[in-house]
Amino acid sequence: MAGILSYFLPKDRVFYSLFEEASDNLEKIAKKLLQVVQEPDFNKRSVLITEMSTLEHENDEVTHRIFIELGRNFITPFDREDIHALASALDDIADYIFSAGKKINFYNIDPISDQGIQKTAEAIYKATLAVKEAVMELRNLKNPQKIIECVIKINSIENEADSLFDMSIEKLFNSDVDAKELIKRRELYQVMETATDKCEDAGTVIESIVVKYT
């Protein structure tokens with residue numbers, strides 16, 4: 001159905017619809033991650049992680065469709081390199097969020113008792129909401145201030161995630177966990193923090209578009 005609808009859209013407008021679909025998926029997968037870190041039961045987490053996998057694959061498909069449209073259309077709503085960069089950034093966000101969820105069960109980490117994991121998952125969700133809001137505003141660049149406010153929010157959340165990462169690492173190295181657990185948790189913290197970095201990357205691309213076209 002999405003393919004049929006896209007056929008009837010003006011070709012330069014197809015990109016907006018695809019970006020909006022991708023950003024909507026980001027909100028959904030980030031919300032699933034929040035549910036994962038709040039779920040104490042391993043098997044129930046597995047179900048949620050499988051749902052995250054489905055969303056991540058759907059986002060891969062959207063990214064692929066954007067690249068196909070980019071290859072077949074001469075008319076684009078903004079610079080081709082910006083379309084490519086934004087599509088890649090949104091795809092990276094989904095990849096890292098899914099990776100975080102997957103590592104929790106793969107490494108058999110209990111996320112409930114770890115405030116760093118809990119708070120960073122919340123930061124990721126807030127960042128994806130801000131990314132989605134900014135993407136939704138791209139159709140109408142007459143209100144660039146709203147987009148810039150979203151970008152500022154994304155940057156602020158990324159700074160918050162950096163602080164959470166530092167706090168989590170410090171707490172981890174001051175704990176009495178064994179070496180294996182330390183390595184597993186440190187890797188999870190890094191992946192989660194990188195997810196917010198990727199949100200900031202998307203914000204940077206969006207800001208570049210605003211600067212060029214307003």
# chains A, B, ... in the order shown; residues from 1 in each chain; ligands from 1
$ residues_around --residues "A:Gly101" --least-positions-apart "3" --cutoff "12 Å" --atoms "only C-alpha atoms" --output "ChimeraX atom specification"
/A:29-39,42,45-53,56,94-98,104-111,117-118,121,124,188-189,191-192,195
$ write_last_selection --atoms "C-alpha atoms" --output "PDB file, in the first residue's frame"
ATOM      1  CA  ILE A  29      11.940   1.017  18.411  1.00  0.00           C
ATOM      2  CA  ALA A  30      13.126   3.389  21.150  1.00  0.00           C
ATOM      3  CA  LYS A  31       9.863   2.813  23.020  1.00  0.00           C
ATOM      4  CA  LYS A  32      10.442  -0.946  22.739  1.00  0.00           C
ATOM      5  CA  LEU A  33      13.910  -0.465  24.237  1.00  0.00           C
ATOM      6  CA  LEU A  34      12.331   1.359  27.170  1.00  0.00           C
ATOM      7  CA  GLN A  35      10.032  -1.627  27.683  1.00  0.00           C
ATOM      8  CA  VAL A  36      13.006  -4.002  27.454  1.00  0.00           C
ATOM      9  CA  VAL A  37      14.993  -2.251  30.186  1.00  0.00           C
ATOM     10  CA  GLN A  38      11.918  -2.162  32.424  1.00  0.00           C
ATOM     11  CA  GLU A  39      11.079  -5.854  31.952  1.00  0.00           C
ATOM     12  CA  PHE A  42      14.184 -12.723  30.232  1.00  0.00           C
ATOM     13  CA  ARG A  45      12.335  -9.267  26.974  1.00  0.00           C
ATOM     14  CA  SER A  46      13.098 -11.714  24.155  1.00  0.00           C
ATOM     15  CA  VAL A  47       9.653 -11.097  22.661  1.00  0.00           C
ATOM     16  CA  LEU A  48      10.198  -7.338  22.806  1.00  0.00           C
ATOM     17  CA  ILE A  49      13.664  -7.664  21.252  1.00  0.00           C
ATOM     18  CA  THR A  50      12.181  -9.711  18.403  1.00  0.00           C
ATOM     19  CA  GLU A  51       9.704  -6.875  17.833  1.00  0.00           C
ATOM     20  CA  MET A  52      12.639  -4.445  17.823  1.00  0.00           C
ATOM     21  CA  SER A  53      14.312  -6.610  15.182  1.00  0.00           C
ATOM     22  CA  GLU A  56      14.919  -2.396  12.536  1.00  0.00           C
ATOM     23  CA  ALA A  94      17.736   2.301  14.550  1.00  0.00           C
ATOM     24  CA  ASP A  95      20.743  -0.029  14.264  1.00  0.00           C
ATOM     25  CA  TYR A  96      22.260   1.104  17.566  1.00  0.00           C
ATOM     26  CA  ILE A  97      18.979   1.077  19.461  1.00  0.00           C
ATOM     27  CA  PHE A  98      18.306  -2.481  18.322  1.00  0.00           C
ATOM     28  CA  ILE A 104      20.861  -7.001  27.094  1.00  0.00           C
ATOM     29  CA  ASN A 105      19.654 -10.557  26.606  1.00  0.00           C
ATOM     30  CA  PHE A 106      22.691 -11.789  24.661  1.00  0.00           C
ATOM     31  CA  TYR A 107      24.904 -10.879  27.615  1.00  0.00           C
ATOM     32  CA  ASN A 108      22.189 -11.807  30.121  1.00  0.00           C
ATOM     33  CA  ILE A 109      22.357  -8.374  31.743  1.00  0.00           C
ATOM     34  CA  ASP A 110      19.771  -7.449  34.371  1.00  0.00           C
ATOM     35  CA  PRO A 111      18.752  -3.908  33.335  1.00  0.00           C
ATOM     36  CA  ILE A 117      20.802   1.718  31.588  1.00  0.00           C
ATOM     37  CA  GLN A 118      17.381   2.941  32.675  1.00  0.00           C
ATOM     38  CA  ALA A 121      17.135   4.348  27.526  1.00  0.00           C
ATOM     39  CA  ILE A 124      17.394   7.685  23.736  1.00  0.00           C
ATOM     40  CA  LEU A 188      26.210  -1.951  26.459  1.00  0.00           C
ATOM     41  CA  TYR A 189      26.776   1.535  27.868  1.00  0.00           C
ATOM     42  CA  VAL A 191      26.271   1.199  22.342  1.00  0.00           C
ATOM     43  CA  MET A 192      23.487   3.096  24.113  1.00  0.00           C
ATOM     44  CA  ALA A 195      22.644   5.779  19.768  1.00  0.00           C
TER      45      ALA A 195
END
$ residues_around --residues "stretch 156-164 of chain A" --least-positions-apart "4" --cutoff "9 Å" --atoms "only C-alpha atoms" --output "VMD selection string"
chain A and resid 116 to 117 119 to 120 123 to 124 126 to 127 151 to 152 168 to 169 189 192 to 193 196 to 197 199 to 200
$ residues_around --residues "A:Tyr16" --least-positions-apart "5" --cutoff "9 Å" --atoms "only C-alpha atoms" --output "list in words"
Glu21, Pro77, Val135, Met136, Leu138 and Arg139 of chain A
$ write_last_selection --atoms "N, CA and C atoms" --output "JSON list (two decimals), in the first residue's frame"
[["chain", "number", "residue", "atom", "x", "y", "z"],
["A", 21, "GLU", "N", 8.33, 8.20, 7.75],
["A", 21, "GLU", "CA", 8.14, 6.79, 8.10],
["A", 21, "GLU", "C", 9.33, 6.28, 8.92],
["A", 77, "PRO", "N", 13.78, 17.41, -2.92],
["A", 77, "PRO", "CA", 13.38, 18.58, -2.13],
["A", 77, "PRO", "C", 14.56, 19.36, -1.56],
["A", 135, "VAL", "N", 12.08, 16.08, 11.82],
["A", 135, "VAL", "CA", 11.84, 15.52, 10.49],
["A", 135, "VAL", "C", 10.45, 15.91, 9.98],
["A", 136, "MET", "N", 9.46, 15.86, 10.87],
["A", 136, "MET", "CA", 8.10, 16.20, 10.48],
["A", 136, "MET", "C", 7.97, 17.66, 10.03],
["A", 138, "LEU", "N", 10.23, 19.22, 8.25],
["A", 138, "LEU", "CA", 10.98, 19.47, 7.02],
["A", 138, "LEU", "C", 10.08, 19.79, 5.84],
["A", 139, "ARG", "N", 8.85, 19.30, 5.86],
["A", 139, "ARG", "CA", 7.92, 19.60, 4.77],
["A", 139, "ARG", "C", 7.66, 21.09, 4.65]]
$ select_by_dssp --residues "stretch 138-202 of chain A" --states "alpha helix (DSSP H)" --output "ChimeraX atom specification"
/A:144-173,179-202
$ residues_around --residues "A:Leu86" --least-positions-apart "5" --cutoff "12 Å" --atoms "only C-alpha atoms" --output "PDB file with N, CA and C atoms, in the first residue's frame"
ATOM      1  N   PHE A  15      10.214  11.740  -0.723  1.00  0.00           N
ATOM      2  CA  PHE A  15      11.279  11.713   0.281  1.00  0.00           C
ATOM      3  C   PHE A  15      10.766  12.116   1.657  1.00  0.00           C
ATOM      4  N   TYR A  16       9.899  13.134   1.703  1.00  0.00           N
ATOM      5  CA  TYR A  16       9.341  13.546   2.996  1.00  0.00           C
ATOM      6  C   TYR A  16       8.589  12.382   3.640  1.00  0.00           C
ATOM      7  N   LEU A  18       8.965   9.186   3.188  1.00  0.00           N
ATOM      8  CA  LEU A  18       9.885   8.125   3.610  1.00  0.00           C
ATOM      9  C   LEU A  18      10.655   8.519   4.862  1.00  0.00           C
ATOM     10  N   PHE A  19      11.099   9.771   4.929  1.00  0.00           N
ATOM     11  CA  PHE A  19      11.800  10.227   6.135  1.00  0.00           C
ATOM     12  C   PHE A  19      10.868  10.193   7.353  1.00  0.00           C
ATOM     13  N   GLU A  20       9.629  10.579   7.143  1.00  0.00           N
ATOM     14  CA  GLU A  20       8.651  10.554   8.239  1.00  0.00           C
ATOM     15  C   GLU A  20       8.384   9.121   8.700  1.00  0.00           C
ATOM     16  N   ALA A  22      10.530   6.658   8.496  1.00  0.00           N
ATOM     17  CA  ALA A  22      11.736   6.234   9.216  1.00  0.00           C
ATOM     18  C   ALA A  22      11.761   6.796  10.631  1.00  0.00           C
ATOM     19  N   SER A  23      11.420   8.077  10.777  1.00  0.00           N
ATOM     20  CA  SER A  23      11.456   8.700  12.109  1.00  0.00           C
ATOM     21  C   SER A  23      10.374   8.130  13.015  1.00  0.00           C
ATOM     22  N   THR A  63      15.155   2.883   4.292  1.00  0.00           N
ATOM     23  CA  THR A  63      16.424   3.464   3.841  1.00  0.00           C
ATOM     24  C   THR A  63      16.733   3.036   2.414  1.00  0.00           C
ATOM     25  N   ILE A  66      14.620   4.969   0.022  1.00  0.00           N
ATOM     26  CA  ILE A  66      15.110   6.341  -0.146  1.00  0.00           C
ATOM     27  C   ILE A  66      16.251   6.364  -1.157  1.00  0.00           C
ATOM     28  N   PHE A  67      17.167   5.414  -1.038  1.00  0.00           N
ATOM     29  CA  PHE A  67      18.299   5.377  -1.968  1.00  0.00           C
ATOM     30  C   PHE A  67      17.841   5.063  -3.392  1.00  0.00           C
ATOM     31  N   PHE A  78      15.686  18.706  -1.390  1.00  0.00           N
ATOM     32  CA  PHE A  78      16.918  19.380  -0.987  1.00  0.00           C
ATOM     33  C   PHE A  78      18.105  18.585  -1.505  1.00  0.00           C
ATOM     34  N   ASP A  79      19.325  19.044  -1.206  1.00  0.00           N
ATOM     35  CA  ASP A  79      20.528  18.470  -1.815  1.00  0.00           C
ATOM     36  C   ASP A  79      20.586  16.955  -1.661  1.00  0.00           C
ATOM     37  N   ARG A  80      21.049  16.306  -2.712  1.00  0.00           N
ATOM     38  CA  ARG A  80      21.111  14.855  -2.737  1.00  0.00           C
ATOM     39  C   ARG A  80      22.008  14.309  -1.629  1.00  0.00           C
ATOM     40  N   GLU A  81      23.134  15.012  -1.392  1.00  0.00           N
ATOM     41  CA  GLU A  81      24.033  14.539  -0.334  1.00  0.00           C
ATOM     42  C   GLU A  81      23.387  14.642   1.042  1.00  0.00           C
ATOM     43  N   ASP A  91      19.029   5.550   9.799  1.00  0.00           N
ATOM     44  CA  ASP A  91      19.247   4.109   9.798  1.00  0.00           C
ATOM     45  C   ASP A  91      20.210   3.710  10.906  1.00  0.00           C
ATOM     46  N   ASP A  92      21.261   4.511  11.103  1.00  0.00           N
ATOM     47  CA  ASP A  92      22.235   4.226  12.165  1.00  0.00           C
ATOM     48  C   ASP A  92      21.585   4.268  13.545  1.00  0.00           C
ATOM     49  N   ILE A  93      20.687   5.223  13.755  1.00  0.00           N
ATOM     50  CA  ILE A  93      20.000   5.316  15.048  1.00  0.00           C
ATOM     51  C   ILE A  93      19.264   4.018  15.344  1.00  0.00           C
ATOM     52  N   VAL A 131      14.075  14.031  17.197  1.00  0.00           N
ATOM     53  CA  VAL A 131      14.435  13.796  15.800  1.00  0.00           C
ATOM     54  C   VAL A 131      13.176  13.697  14.946  1.00  0.00           C
ATOM     55  N   ALA A 134      11.613  17.091  14.393  1.00  0.00           N
ATOM     56  CA  ALA A 134      12.368  17.883  13.424  1.00  0.00           C
ATOM     57  C   ALA A 134      12.111  17.396  11.999  1.00  0.00           C
ATOM     58  N   VAL A 135      12.083  16.085  11.820  1.00  0.00           N
ATOM     59  CA  VAL A 135      11.841  15.517  10.487  1.00  0.00           C
ATOM     60  C   VAL A 135      10.453  15.906   9.982  1.00  0.00           C
ATOM     61  N   LEU A 138      10.234  19.219   8.253  1.00  0.00           N
ATOM     62  CA  LEU A 138      10.981  19.470   7.024  1.00  0.00           C
ATOM     63  C   LEU A 138      10.078  19.790   5.837  1.00  0.00           C
ATOM     64  N   LYS A 198      24.245   9.253  17.341  1.00  0.00           N
ATOM     65  CA  LYS A 198      23.663   9.159  15.999  1.00  0.00           C
ATOM     66  C   LYS A 198      22.451  10.081  15.862  1.00  0.00           C
ATOM     67  N   CYS A 199      21.709  10.251  16.960  1.00  0.00           N
ATOM     68  CA  CYS A 199      20.604  11.232  16.943  1.00  0.00           C
ATOM     69  C   CYS A 199      21.156  12.630  16.713  1.00  0.00           C
ATOM     70  N   GLU A 200      22.287  12.931  17.356  1.00  0.00           N
ATOM     71  CA  GLU A 200      22.916  14.237  17.161  1.00  0.00           C
ATOM     72  C   GLU A 200      23.388  14.402  15.719  1.00  0.00           C
ATOM     73  N   ASP A 201      23.908  13.318  15.124  1.00  0.00           N
ATOM     74  CA  ASP A 201      24.323  13.371  13.719  1.00  0.00           C
ATOM     75  C   ASP A 201      23.131  13.723  12.821  1.00  0.00           C
ATOM     76  N   ALA A 202      21.989  13.087  13.078  1.00  0.00           N
ATOM     77  CA  ALA A 202      20.785  13.388  12.299  1.00  0.00           C
ATOM     78  C   ALA A 202      20.388  14.845  12.480  1.00  0.00           C
ATOM     79  N   GLY A 203      20.485  15.325  13.709  1.00  0.00           N
ATOM     80  CA  GLY A 203      20.166  16.725  13.980  1.00  0.00           C
ATOM     81  C   GLY A 203      21.077  17.676  13.229  1.00  0.00           C
ATOM     82  N   THR A 204      22.351  17.312  13.119  1.00  0.00           N
ATOM     83  CA  THR A 204      23.319  18.142  12.397  1.00  0.00           C
ATOM     84  C   THR A 204      22.962  18.231  10.916  1.00  0.00           C
ATOM     85  N   VAL A 205      22.549  17.104  10.328  1.00  0.00           N
ATOM     86  CA  VAL A 205      22.143  17.102   8.915  1.00  0.00           C
ATOM     87  C   VAL A 205      20.899  17.966   8.728  1.00  0.00           C
ATOM     88  N   ILE A 206      19.941  17.814   9.625  1.00  0.00           N
ATOM     89  CA  ILE A 206      18.701  18.592   9.529  1.00  0.00           C
ATOM     90  C   ILE A 206      18.994  20.085   9.662  1.00  0.00           C
ATOM     91  N   GLU A 207      19.876  20.423  10.580  1.00  0.00           N
ATOM     92  CA  GLU A 207      20.254  21.825  10.758  1.00  0.00           C
ATOM     93  C   GLU A 207      20.912  22.370   9.488  1.00  0.00           C
ATOM     94  N   SER A 208      21.739  21.555   8.847  1.00  0.00           N
ATOM     95  CA  SER A 208      22.381  21.956   7.597  1.00  0.00           C
ATOM     96  C   SER A 208      21.355  22.251   6.513  1.00  0.00           C
ATOM     97  N   ILE A 209      20.330  21.420   6.454  1.00  0.00           N
ATOM     98  CA  ILE A 209      19.257  21.625   5.470  1.00  0.00           C
ATOM     99  C   ILE A 209      18.540  22.953   5.731  1.00  0.00           C
TER     100      ILE A 209
END
$ atom_distance --atom1 "atom CA of A:Ala179" --atom2 "atom CA of A:Glu122"
27.1 Å
$ closest_residue --among "A:Leu172, A:Leu182, A:Val177, A:Ile147" --to "A:Thr214" --atoms "only C-alpha atoms"
A:Ile147
